[in-house]
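Structure record follows, encoded as structure tokens.
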Amino acid sequence: MIKILLMGNPNVGKSVIFSRLTGVRVVASNYPGTTVSYTSGFMKIDGRQVEIIDVPGTYTLEPTCEAEKIASEMLKTGDIVINVVDATNLERNLYLTLQLMEMKIPMIIALNMWDDTKHRGVDINLEELRKILGIPVIPTSGLTGQGIKELVTNIPEAVPPSSPTRSRNERWAFVGNIIDRVQQISHRHHRWFERLEDASVKPRTGIVIAAAVLVCSFMVIRFIGESLISYLFDPIFNSLWLPALMKLSAFMGNSGLLHDVIVGKLINGEINFVESFGLLSSGLYVPFGMVLPYIISFYLILGILEDIGYLPRLAVLLDTTMHKIGLHGFAIIPTLLGLGCNVPAVMATRVLESKRERFIAATLVCIAIPCASAQAMIFGLVGKYGGQHVAIVYVTLFLVWIILGVLLNRLLKGFSPELLIEIPPYRVPPWGTIIQKLWGRIRGFLIEAVPIILAAVLVINILFVFGIFDYIAGFTAPVIKGVLGLPEESVTAIIIGLLRKDAALGMLALSPMTAKQMVVGSVVLTMSFPCVATIIVLFRELGLKDFMKSTAIMLTSALAVGGILNVIL
Ligand SMILES: Nc1nc2c(ncn2[C@@H]2O[C@H](COP(=O)(O)OP(=O)(O)OP(=O)(O)O)[C@@H](O)[C@H]2O)c(=O)[nH]1
Ligand SMILES: [Mg+2]
């Protein structure tokens, strides 16, 4: 089958065009490095099925990071290249174009962001550009879909370019020459959001804006999450699901092994959605009633920030601070993604240049960044004891992130390269793509998390029945009780934490706990092993040796921090 590669610089709209061509929804955001591994999809051209591949963005064919390495390796397997070029940034984009042309693979150019050229006063002479390059150049807009059809009809016209092999300097000189001949920039007044663009990266105004953005995001996320719970999910569970379950419970005789596994244990004759721990009670309530509302609100706000183009500005602003913990400012993006789910966060560390930085960033995410599921439970369960306890959990995790980062930075050899990140303009977020992206992420949660939570609830029940858990609790008691000051049973929660953090935190709530124990328990749970999905990607991204190192750091710091909290609180 013919394989068509979508290649180009980061953040030029390859993923948006890919979705338009194949109907496969992939994540697109307004910052470089959204796509870090390739996605393939299919479409028909002249009645024949072809494969299209969304390749990670790259500036050159000499890779400087993992994502770019994937891009240059993909190139060897392609039959046709669609080079996506950002028309508002022609000069920088053409370097890769010339390099691609030297590979002699049939090629066609999608001159994307065409809609945006007018706002920016960029005028490109298409005829001249086509003549110079000798390959089809089609203006497109990923946003509106303009030109996509023409792009498709022109794919068969792609010809192997005739281009001499040039040196780096020769290429840049030729780019300059092309720009002189095809591009004219007219002067125009600064629009207000261009002023805002400047203000958000200048240190003084930038910090104020960053603080405002983060505080507002946090408040809006909580507001939406809590409203969804109290006005939508809780009413559904309490007035529709609960009566049905009570009937089932009565039908099953209100007790017994099967009853307890399916419906859960009755607490004072009632089903308690958190504590009963049956498949149909807690097994459904934890993912849908407690976690999903926060998943929805978190990803909605994150999606808006991503598409507006705020995140790379935050990266630049925090670069100096981030260097102190051995990271490049860009690592703030994986870190923020980690607040949703640690899996994409660990994947996103691929855009960091050195292995050392990737190790530090991935380890810090796994240890100190609670995912949305864990956070929803922290709010729901620790929050019952009062907001100050939730604050203690967050402050502790934040301190761990900083202190551990500084330590790792000191102890690991090597240095973190300077930040070279391209900052895209602010763009009005297209609601269509925001909703699509949100739906994709919610779907991901439902498909991956729900079955695992149900499995976790089942495992917990089995552990109970066979008393396996008393046995493990017995020999881990010195650490759990002695060092952490937690009830013996919390060891099950830690084991279940290997599967899912939300189910594990729910498990903690089963044994009567003081506020202090709940705080220590949540911190230890968040910091010790990430969930199974994260363990798998972490292992894949770091390799066995670094994975073991990361795990060792994780366990040591979880115990140390838990122990310290137990003493000082
Ligand atoms: N105005 C305008 N915006 C666009 C257009 N195409 C894409 N965008 C926006 O540009 C941003 C980048 O799009 P992506 O598809 O994620 O870019 P990408 O090339 O896949 O980026 P990487 O995966 O980081 O290499 C998104 O915010 C899109 O909504 C376009 O034609 N016009
Ligand atoms: Mg992409």
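Chain labels A, B, ... are given in the sequence in which chains occur in the structure tokens; within each chain residues are numbered consecutively from 1, and ligands are likewise numbered from 1 in the order shown.
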Next on the checklist: Please extract the residues of segment 145-254 of chain A with a backbone DSSP assignment of helix (DSSP H, G or I) and present them as number ranges by chain.
Outcome noted: A: 148-157, 168-182, 192-199, 203-251
Using C-alpha atoms, can you export the residues from the last selection as a JSON list (two decimals), in the first residue's frame?
[["chain", "number", "residue", "atom", "x", "y", "z"],
["A", 148, "ILE", "CA", -7.90, 20.19, 1.64],
["A", 149, "LYS", "CA", -9.85, 18.78, -1.31],
["A", 150, "GLU", "CA", -7.44, 20.35, -3.74],
["A", 151, "LEU", "CA", -4.56, 18.93, -1.76],
["A", 152, "VAL", "CA", -6.03, 15.46, -2.13],
["A", 153, "THR", "CA", -6.60, 15.78, -5.89],
["A", 154, "ASN", "CA", -3.02, 16.95, -6.29],
["A", 155, "ILE", "CA", -1.43, 14.07, -4.39],
["A", 156, "PRO", "CA", -1.08, 11.96, -7.57],
["A", 157, "GLU", "CA", 0.76, 14.93, -9.15],
["A", 168, "ARG", "CA", 23.62, 23.89, 5.45],
["A", 169, "ASN", "CA", 24.80, 27.37, 4.50],
["A", 170, "GLU", "CA", 23.81, 26.96, 0.88],
["A", 171, "ARG", "CA", 20.33, 25.94, 1.97],
["A", 172, "TRP", "CA", 19.86, 29.01, 4.16],
["A", 173, "ALA", "CA", 21.19, 31.23, 1.39],
["A", 174, "PHE", "CA", 18.72, 29.69, -1.05],
["A", 175, "VAL", "CA", 15.87, 30.13, 1.45],
["A", 176, "GLY", "CA", 16.75, 33.82, 1.68],
["A", 177, "ASN", "CA", 16.75, 34.06, -2.07],
["A", 178, "ILE", "CA", 13.31, 32.40, -2.35],
["A", 179, "ILE", "CA", 11.83, 34.65, 0.33],
["A", 180, "ASP", "CA", 13.05, 37.76, -1.51],
["A", 181, "ARG", "CA", 11.31, 36.60, -4.63],
["A", 182, "VAL", "CA", 7.97, 35.32, -3.30],
["A", 192, "TRP", "CA", -4.59, 43.76, 20.96],
["A", 193, "PHE", "CA", -3.77, 40.15, 21.42],
["A", 194, "GLU", "CA", -0.36, 40.67, 19.97],
["A", 195, "ARG", "CA", 0.22, 43.11, 22.80],
["A", 196, "LEU", "CA", -1.00, 40.43, 25.17],
["A", 197, "GLU", "CA", 1.46, 38.02, 23.55],
["A", 198, "ASP", "CA", 4.32, 40.29, 24.51],
["A", 199, "ALA", "CA", 3.00, 40.95, 27.99],
["A", 203, "PRO", "CA", 9.04, 38.64, 33.26],
["A", 204, "ARG", "CA", 7.14, 41.20, 35.30],
["A", 205, "THR", "CA", 3.76, 41.22, 33.59],
["A", 206, "GLY", "CA", 4.26, 37.58, 32.65],
["A", 207, "ILE", "CA", 4.37, 36.33, 36.23],
["A", 208, "VAL", "CA", 1.20, 38.24, 37.09],
["A", 209, "ILE", "CA", -0.58, 36.81, 34.06],
["A", 210, "ALA", "CA", 0.71, 33.30, 34.81],
["A", 211, "ALA", "CA", -0.46, 33.46, 38.40],
["A", 212, "ALA", "CA", -3.86, 34.74, 37.30],
["A", 213, "VAL", "CA", -4.20, 32.07, 34.62],
["A", 214, "LEU", "CA", -3.24, 29.24, 36.96],
["A", 215, "VAL", "CA", -5.43, 30.38, 39.84],
["A", 216, "CYS", "CA", -8.41, 30.97, 37.54],
["A", 217, "SER", "CA", -7.92, 27.60, 35.84],
["A", 218, "PHE", "CA", -7.80, 25.87, 39.18],
["A", 219, "MET", "CA", -10.95, 27.60, 40.39],
["A", 220, "VAL", "CA", -12.85, 26.98, 37.19],
["A", 221, "ILE", "CA", -11.81, 23.30, 37.18],
["A", 222, "ARG", "CA", -13.09, 22.89, 40.73],
["A", 223, "PHE", "CA", -16.24, 24.82, 40.03],
["A", 224, "ILE", "CA", -17.13, 22.78, 36.94],
["A", 225, "GLY", "CA", -16.12, 19.51, 38.59],
["A", 226, "GLU", "CA", -18.15, 20.14, 41.73],
["A", 227, "SER", "CA", -21.16, 21.41, 39.82],
["A", 228, "LEU", "CA", -21.15, 18.30, 37.65],
["A", 229, "ILE", "CA", -21.04, 16.16, 40.77],
["A", 230, "SER", "CA", -23.75, 17.93, 42.72],
["A", 231, "TYR", "CA", -26.15, 18.71, 39.91],
["A", 232, "LEU", "CA", -25.66, 15.80, 37.56],
["A", 233, "PHE", "CA", -23.77, 12.74, 38.74],
["A", 234, "ASP", "CA", -24.84, 12.58, 42.40],
["A", 235, "PRO", "CA", -28.54, 12.99, 41.60],
["A", 236, "ILE", "CA", -28.27, 10.22, 39.02],
["A", 237, "PHE", "CA", -26.56, 7.89, 41.45],
["A", 238, "ASN", "CA", -28.70, 8.75, 44.46],
["A", 239, "SER", "CA", -32.14, 8.90, 42.98],
["A", 240, "LEU", "CA", -31.88, 6.46, 40.10],
["A", 241, "TRP", "CA", -29.11, 3.99, 40.74],
["A", 242, "LEU", "CA", -29.37, 3.63, 44.51],
["A", 243, "PRO", "CA", -33.03, 2.44, 44.61],
["A", 244, "ALA", "CA", -32.33, -0.05, 41.84],
["A", 245, "LEU", "CA", -29.31, -1.39, 43.68],
["A", 246, "MET", "CA", -31.21, -1.65, 46.96],
["A", 247, "LYS", "CA", -33.77, -3.81, 45.19],
["A", 248, "LEU", "CA", -31.02, -6.01, 43.81],
["A", 249, "SER", "CA", -29.50, -6.19, 47.28],
["A", 250, "ALA", "CA", -32.78, -7.28, 48.84],
["A", 251, "PHE", "CA", -33.25, -9.80, 46.06]]
Next on the checklist: as a count of residues only, please: every protein or nucleic acid residue near ligand 1 (cut-off 6 Å, counting only C-alpha atoms and all ligand atoms).
Outcome noted: 26
Item to check | Distance of atom CA of Ile52 of chain A from atom CA of Thr22 of chain A, expressed in Å to one decimal place | outcome: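 Atom-to-atom, atom CA of Thr22 of chain A and atom CA of Ile52 of chain A are spaced 7.5 Å apart.
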Next on the checklist: I'd like the contact shell of Ser72 of chain A - 9 Å cut-off, only C-alpha atoms, skipping same-chain residues fewer than 5 positions apart - returned as a PyMOL selection string.
Outcome noted: chain A and resi 58+60-63
Those residues with C-alpha atoms, as a PDB file, in the first residue's frame please?
ATOM      1  CA  THR A  58      10.943  18.392  13.036  1.00  0.00           C
ATOM      2  CA  THR A  60      15.781  19.416  10.303  1.00  0.00           C
ATOM      3  CA  LEU A  61      16.524  15.872   9.261  1.00  0.00           C
ATOM      4  CA  GLU A  62      19.416  15.759  11.716  1.00  0.00           C
ATOM      5  CA  PRO A  63      17.439  14.815  14.825  1.00  0.00           C
TER       6      PRO A  63
END
Residues within 9 Å of Met107 of chain A, please, as a JSON list (two decimals) with C-alpha atoms, in the first residue's frame. Count only C-alpha atoms; anything in the same chain fewer than 5 positions from it doesn't count.
[["chain", "number", "residue", "atom", "x", "y", "z"],
["A", 79, "ASP", "CA", 6.41, 6.79, -0.83],
["A", 80, "ILE", "CA", 5.06, 10.33, -0.96],
["A", 81, "VAL", "CA", 5.70, 13.28, 1.34],
["A", 82, "ILE", "CA", 3.14, 15.99, 2.01],
["A", 83, "ASN", "CA", 5.30, 18.75, 3.41],
["A", 100, "LEU", "CA", 13.21, 16.98, 2.14],
["A", 101, "MET", "CA", 13.48, 17.79, -1.57],
["A", 135, "ILE", "CA", 6.46, 20.82, -7.12],
["A", 136, "PRO", "CA", 2.76, 21.45, -6.42],
["A", 155, "ILE", "CA", -1.43, 14.07, -4.39],
["A", 157, "GLU", "CA", 0.76, 14.93, -9.15],
["A", 158, "ALA", "CA", 3.55, 14.68, -6.60],
["A", 159, "VAL", "CA", 6.84, 14.28, -8.43],
["A", 160, "PRO", "CA", 10.32, 13.52, -7.18],
["A", 161, "PRO", "CA", 11.85, 17.00, -6.89]]
Item to check | Residue nearest Ser528 of chain A - candidates A:Val465, A:Ile568, A:Ile369, A:Val27, atoms counted: only C-alpha atoms | outcome: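 Nearest to Ser528 of chain A: A:Ile369.
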Item to check | Proximity to Glu418 of chain A - best of A:Phe469, A:Phe445, A:Phe330, A:Phe42, only C-alpha atoms | outcome: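 Under the stated criterion, the closest residue is A:Phe330.
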Next on the checklist: Show me, as a ChimeraX atom specification, the residues that have an atom within 8 Å of segment 500-517 of chain A when counting only C-alpha atoms, minus same-chain residues fewer than 6 positions from it.
Outcome noted: /A:274-275,286-287,291,373-374,376-378,381-382,385,389,449,452-453,456-457,485-487,489-490,492-494,525-526,530-532,566,569
Checklist entry - So what do you get for atom CA of Ala67 of chain A versus atom CA of Thr165 of chain A, distance-wise? => result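 Atom-to-atom, atom CA of Ala67 of chain A and atom CA of Thr165 of chain A are spaced 24.8 Å apart.
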